[in-house]
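*Asks:* The following block contains the structure, expressed as C-alpha cells.
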Amino acid sequence: MRTMVAGMGLMGSALADALLQQGLPVTVWNRTPERCRAAVEAGATQASSFAEGAQNCDVLISCLTDHEAVTQSVITSDVGEALAGKAFVQLSQATPDQSLTFADWAARHGIGYLDGSILGYPKDVRAGDCFIIYSGDPAVFETCHDVLHAMGAKPRLVGEKPGVATAFDKAYFAFYYAHAVGLLHGAAICRASGVPLDGFLDLMVEAYDWRAADRISADALKSGDLAAREATLETHAHAYNQVALFSRSVGADTGLADAMDRLFQAGIDLGHGRDEIAALIEVLNPRRD
Ligand SMILES: NC(=O)c1ccc[n+]([C@@H]2O[C@H](COP(=O)([O-])OP(=O)(O)OC[C@H]3O[C@@H](n4cnc5c(N)ncnc54)[C@H](OP(=O)(O)O)[C@@H]3O)[C@@H](O)[C@H]2O)c1
C-alpha cells in the first residue's frame, strides 16, 4: 500500500520512519517543506503539493497540530478528489465533534475514514511498540491493516462511529496527566522535604505496581458494586488529607491536593464514605435521575 504522511513534526516523522522500516512506500508532505529532508534521506518521496501526494497514495495519514491545520491542508476539494476511493487515517489532535466533520467530508468524497489517537511517544512509534487506537469503518481498518501495524504493534479499533477514538483519547488524557502530575507532586514533596528524590522515583517508576490499585477500581466500576472491600473512601480521604497538610508545611504547592481533598469530601457528602474510592465516579459524573 502506498502511504502519504502529512506533517513532518516530531510525531509525523516517527510515523514515516516506522512505515519505511516496514518497507512501505512513503510520500511525505509538510507545510514547511525543509522539514521533509530527514524522511527523504531515509527513503521517502517528497510530494510537490498536497494534492499531488494524495493522488499518488492509497492511504493518507495526517499528523498535524490540530483541527485548524487539518482543515487548511487536507479538507480541500483537490485533496477530496485525489483521495476518492482511498483511505484517510486522521491522527492529528481533534475533539470528537471535529472528527465527525472530517468523517462527513470523507464520506462526501467516497473516502474510507478512520480517526485515531496515538497513546505513546515518537520513540515508541519508531520502536514499533506504540498503542494507537482507532474508530471508524471496520472494513477500512481491515484494508489498512499492514499500514496500521507498521505504525504501532497494537492497533485497536475502539468503535465504529468516528469520534469514539478521539473521545477515548480525552479519557486517556484525564488518566495520564493526573498520573503524570501526581508523580511530579510526589517529587516536589521529596525535594521540598529533603527526602531522596532518586529513591522515590526508582520506587514509583520501577518497583511499585500502581496498577494493582487501579484494578480494584476497574473491577468495582465494571461490576457496579462500589461497596468497600479493601479500603473505604473515608480511609482514602483521611490519608490524602495528610498530603495537603504536609505539602503546606514543607512549602510545596497545595493546589492539586486542595482540589483532590474537595473531591474526596464531595464523595463523602454524597453518602459514599463506606464505599470504595471508585465511588468518586458519582462526583465526577453525577447521575441526573
Ligand atoms: N509528540 C508526541 O509525543 C505526540 C504523541 C501523541 C500524539 N501526538 C499528536 O501528533 C500531532 C503532531 O504532534 P507533533 O509532536 O508532531 O507536533 P510538532 O512537532 O509541533 O509538529 C506539528 C506539525 O503540524 C504542522 N502544522 C501546524 N500548523 C499547521 C497548519 N496550520 N497547516 C499545516 N501544517 C501545520 C507543522 O508544520 P510546520 O513544520 O510547517 O510547522 C508540523 O508538521 C498532534 O496532534 C499531537 O497531539 C503527538
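Ligands are numbered from 1 in the order shown, residues from 1 within each chain, and chains are lettered A, B, ... in the order they appear in the C-alpha cells.
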Could you list, as a count of residues only, all the residues within 10 Å of ligand 1, counting only C-alpha atoms and all ligand atoms?
*Replies:* 51
*Asks:* Could you list, as a PyMOL selection string, every residue within 12 Å of Ile268 of chain A, counting only C-alpha atoms and ignoring same-chain residues fewer than 2 positions away?
*Replies:* chain A and resi 232-238+261-266+270-277+279-280+282-283
*Asks:* Write a file of the just-selected residues containing N, CA and C atoms, as a PDB file, in the first residue's frame.
*Replies:*
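Below you can see again.pdb, which holds the result:
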ATOM      1  N   THR A 232     -12.100   2.052  52.554  1.00  0.00           N
ATOM      2  CA  THR A 232     -13.240   2.957  52.325  1.00  0.00           C
ATOM      3  C   THR A 232     -12.749   4.306  51.786  1.00  0.00           C
ATOM      4  N   LEU A 233     -13.704   5.018  51.187  1.00  0.00           N
ATOM      5  CA  LEU A 233     -13.387   6.367  50.715  1.00  0.00           C
ATOM      6  C   LEU A 233     -12.947   7.239  51.890  1.00  0.00           C
ATOM      7  N   GLU A 234     -13.562   7.031  53.053  1.00  0.00           N
ATOM      8  CA  GLU A 234     -13.160   7.806  54.241  1.00  0.00           C
ATOM      9  C   GLU A 234     -11.689   7.562  54.574  1.00  0.00           C
ATOM     10  N   THR A 235     -11.265   6.304  54.485  1.00  0.00           N
ATOM     11  CA  THR A 235      -9.853   5.984  54.785  1.00  0.00           C
ATOM     12  C   THR A 235      -8.932   6.670  53.775  1.00  0.00           C
ATOM     13  N   HIS A 236      -9.328   6.576  52.498  1.00  0.00           N
ATOM     14  CA  HIS A 236      -8.515   7.231  51.459  1.00  0.00           C
ATOM     15  C   HIS A 236      -8.469   8.745  51.694  1.00  0.00           C
ATOM     16  N   ALA A 237      -9.639   9.334  52.018  1.00  0.00           N
ATOM     17  CA  ALA A 237      -9.713  10.786  52.196  1.00  0.00           C
ATOM     18  C   ALA A 237      -8.813  11.223  53.341  1.00  0.00           C
ATOM     19  N   HIS A 238      -8.822  10.442  54.407  1.00  0.00           N
ATOM     20  CA  HIS A 238      -8.014  10.773  55.574  1.00  0.00           C
ATOM     21  C   HIS A 238      -6.524  10.712  55.205  1.00  0.00           C
ATOM     22  N   ASP A 261      -8.751  17.039  47.821  1.00  0.00           N
ATOM     23  CA  ASP A 261      -9.449  16.992  49.118  1.00  0.00           C
ATOM     24  C   ASP A 261     -10.929  17.316  48.928  1.00  0.00           C
ATOM     25  N   ARG A 262     -11.203  18.334  48.091  1.00  0.00           N
ATOM     26  CA  ARG A 262     -12.608  18.721  47.852  1.00  0.00           C
ATOM     27  C   ARG A 262     -13.373  17.585  47.171  1.00  0.00           C
ATOM     28  N   LEU A 263     -12.700  16.888  46.291  1.00  0.00           N
ATOM     29  CA  LEU A 263     -13.330  15.770  45.582  1.00  0.00           C
ATOM     30  C   LEU A 263     -13.693  14.642  46.562  1.00  0.00           C
ATOM     31  N   PHE A 264     -12.739  14.295  47.408  1.00  0.00           N
ATOM     32  CA  PHE A 264     -12.998  13.247  48.401  1.00  0.00           C
ATOM     33  C   PHE A 264     -14.166  13.651  49.303  1.00  0.00           C
ATOM     34  N   GLN A 265     -14.145  14.909  49.757  1.00  0.00           N
ATOM     35  CA  GLN A 265     -15.202  15.369  50.666  1.00  0.00           C
ATOM     36  C   GLN A 265     -16.563  15.326  49.977  1.00  0.00           C
ATOM     37  N   ALA A 266     -16.591  15.695  48.695  1.00  0.00           N
ATOM     38  CA  ALA A 266     -17.866  15.658  47.963  1.00  0.00           C
ATOM     39  C   ALA A 266     -18.400  14.226  47.884  1.00  0.00           C
ATOM     40  N   LEU A 270     -21.898  12.869  49.563  1.00  0.00           N
ATOM     41  CA  LEU A 270     -22.938  12.176  48.791  1.00  0.00           C
ATOM     42  C   LEU A 270     -23.334  10.842  49.426  1.00  0.00           C
ATOM     43  N   GLY A 271     -22.649  10.453  50.493  1.00  0.00           N
ATOM     44  CA  GLY A 271     -23.010   9.220  51.198  1.00  0.00           C
ATOM     45  C   GLY A 271     -22.146   8.028  50.825  1.00  0.00           C
ATOM     46  N   HIS A 272     -20.981   8.277  50.198  1.00  0.00           N
ATOM     47  CA  HIS A 272     -20.146   7.154  49.748  1.00  0.00           C
ATOM     48  C   HIS A 272     -18.945   6.901  50.662  1.00  0.00           C
ATOM     49  N   GLY A 273     -19.000   7.415  51.881  1.00  0.00           N
ATOM     50  CA  GLY A 273     -17.852   7.277  52.789  1.00  0.00           C
ATOM     51  C   GLY A 273     -17.437   5.838  53.023  1.00  0.00           C
ATOM     52  N   ARG A 274     -18.419   4.897  53.000  1.00  0.00           N
ATOM     53  CA  ARG A 274     -18.088   3.491  53.281  1.00  0.00           C
ATOM     54  C   ARG A 274     -17.916   2.686  51.995  1.00  0.00           C
ATOM     55  N   ASP A 275     -17.911   3.356  50.852  1.00  0.00           N
ATOM     56  CA  ASP A 275     -17.676   2.671  49.573  1.00  0.00           C
ATOM     57  C   ASP A 275     -16.198   2.719  49.204  1.00  0.00           C
ATOM     58  N   GLU A 276     -15.868   1.990  48.135  1.00  0.00           N
ATOM     59  CA  GLU A 276     -14.506   2.059  47.582  1.00  0.00           C
ATOM     60  C   GLU A 276     -14.257   3.455  46.988  1.00  0.00           C
ATOM     61  N   ILE A 277     -13.023   3.774  46.749  1.00  0.00           N
ATOM     62  CA  ILE A 277     -12.665   5.058  46.126  1.00  0.00           C
ATOM     63  C   ILE A 277     -13.322   5.194  44.746  1.00  0.00           C
ATOM     64  N   ALA A 279     -16.194   5.021  44.030  1.00  0.00           N
ATOM     65  CA  ALA A 279     -17.463   5.754  44.155  1.00  0.00           C
ATOM     66  C   ALA A 279     -17.319   7.222  43.757  1.00  0.00           C
ATOM     67  N   LEU A 280     -16.089   7.705  43.668  1.00  0.00           N
ATOM     68  CA  LEU A 280     -15.901   9.097  43.232  1.00  0.00           C
ATOM     69  C   LEU A 280     -16.424   9.329  41.815  1.00  0.00           C
ATOM     70  N   GLU A 282     -19.305   9.029  41.028  1.00  0.00           N
ATOM     71  CA  GLU A 282     -20.603   9.703  41.224  1.00  0.00           C
ATOM     72  C   GLU A 282     -20.426  11.208  41.440  1.00  0.00           C
ATOM     73  N   VAL A 283     -19.231  11.623  41.814  1.00  0.00           N
ATOM     74  CA  VAL A 283     -18.935  13.057  41.908  1.00  0.00           C
ATOM     75  C   VAL A 283     -18.481  13.570  40.542  1.00  0.00           C
TER      76      VAL A 283
END
*Asks:* Excluding Ala107 of chain A and residues on its chain fewer than 4 positions from it, collect all residues at most 12 Å away from it, counting only C-alpha atoms, and give them as a list in words.
*Replies:*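 Close residues of Ala107 of chain A: Ile75, Gly80, Glu81, Leu83, Ala84, Gly85, Lys86, Ala87, Phe88, Leu100, Thr101, Phe102, Ala103, Ile111, Gly112, Tyr113, Leu114, Gly136, Asp137 and Pro162 of chain A.
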*Asks:* How would the residues just chosen look if you wrote them out with C-alpha atoms as a tab-separated table (two decimals), in the first residue's frame?
*Replies:*
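Writing done, so here's again_1.tsv:
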chain	number	residue	atom	x	y	z
A	75	ILE	CA	-10.13	19.38	3.75
A	80	GLY	CA	-11.01	15.20	-1.73
A	81	GLU	CA	-10.95	14.33	-5.44
A	83	LEU	CA	-8.40	10.60	-2.32
A	84	ALA	CA	-11.72	9.31	-3.70
A	85	GLY	CA	-11.92	5.52	-3.23
A	86	LYS	CA	-8.87	5.56	-0.92
A	87	ALA	CA	-8.38	5.81	2.86
A	88	PHE	CA	-7.76	8.73	5.23
A	100	LEU	CA	-17.20	13.94	12.77
A	101	THR	CA	-16.67	16.90	10.44
A	102	PHE	CA	-13.64	15.13	8.89
A	103	ALA	CA	-15.66	11.91	8.59
A	111	ILE	CA	-13.04	8.22	1.09
A	112	GLY	CA	-12.74	5.49	3.75
A	113	TYR	CA	-12.16	7.21	7.11
A	114	LEU	CA	-10.54	6.29	10.41
A	136	GLY	CA	-14.40	4.20	12.07
A	137	ASP	CA	-15.38	1.64	9.45
A	162	PRO	CA	-15.99	8.30	14.03
*Asks:* Using DSSP on the backbone, list every residue of segment 96-276 of chain A that comes out as alpha helix (DSSP H), and give them as number ranges by chain.
*Replies:* A: 96-108, 122-126, 138-143, 145-151, 164-193, 197-201, 211-223, 233-250, 255-267
*Asks:* Which residue is closest to Ala178 of chain A? Choose from A:Val140, A:Ala257, A:Ala228, A:Met1 and count only C-alpha atoms.
*Replies:*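 Result for the nearest residue to Ala178 of chain A: A:Ala257.
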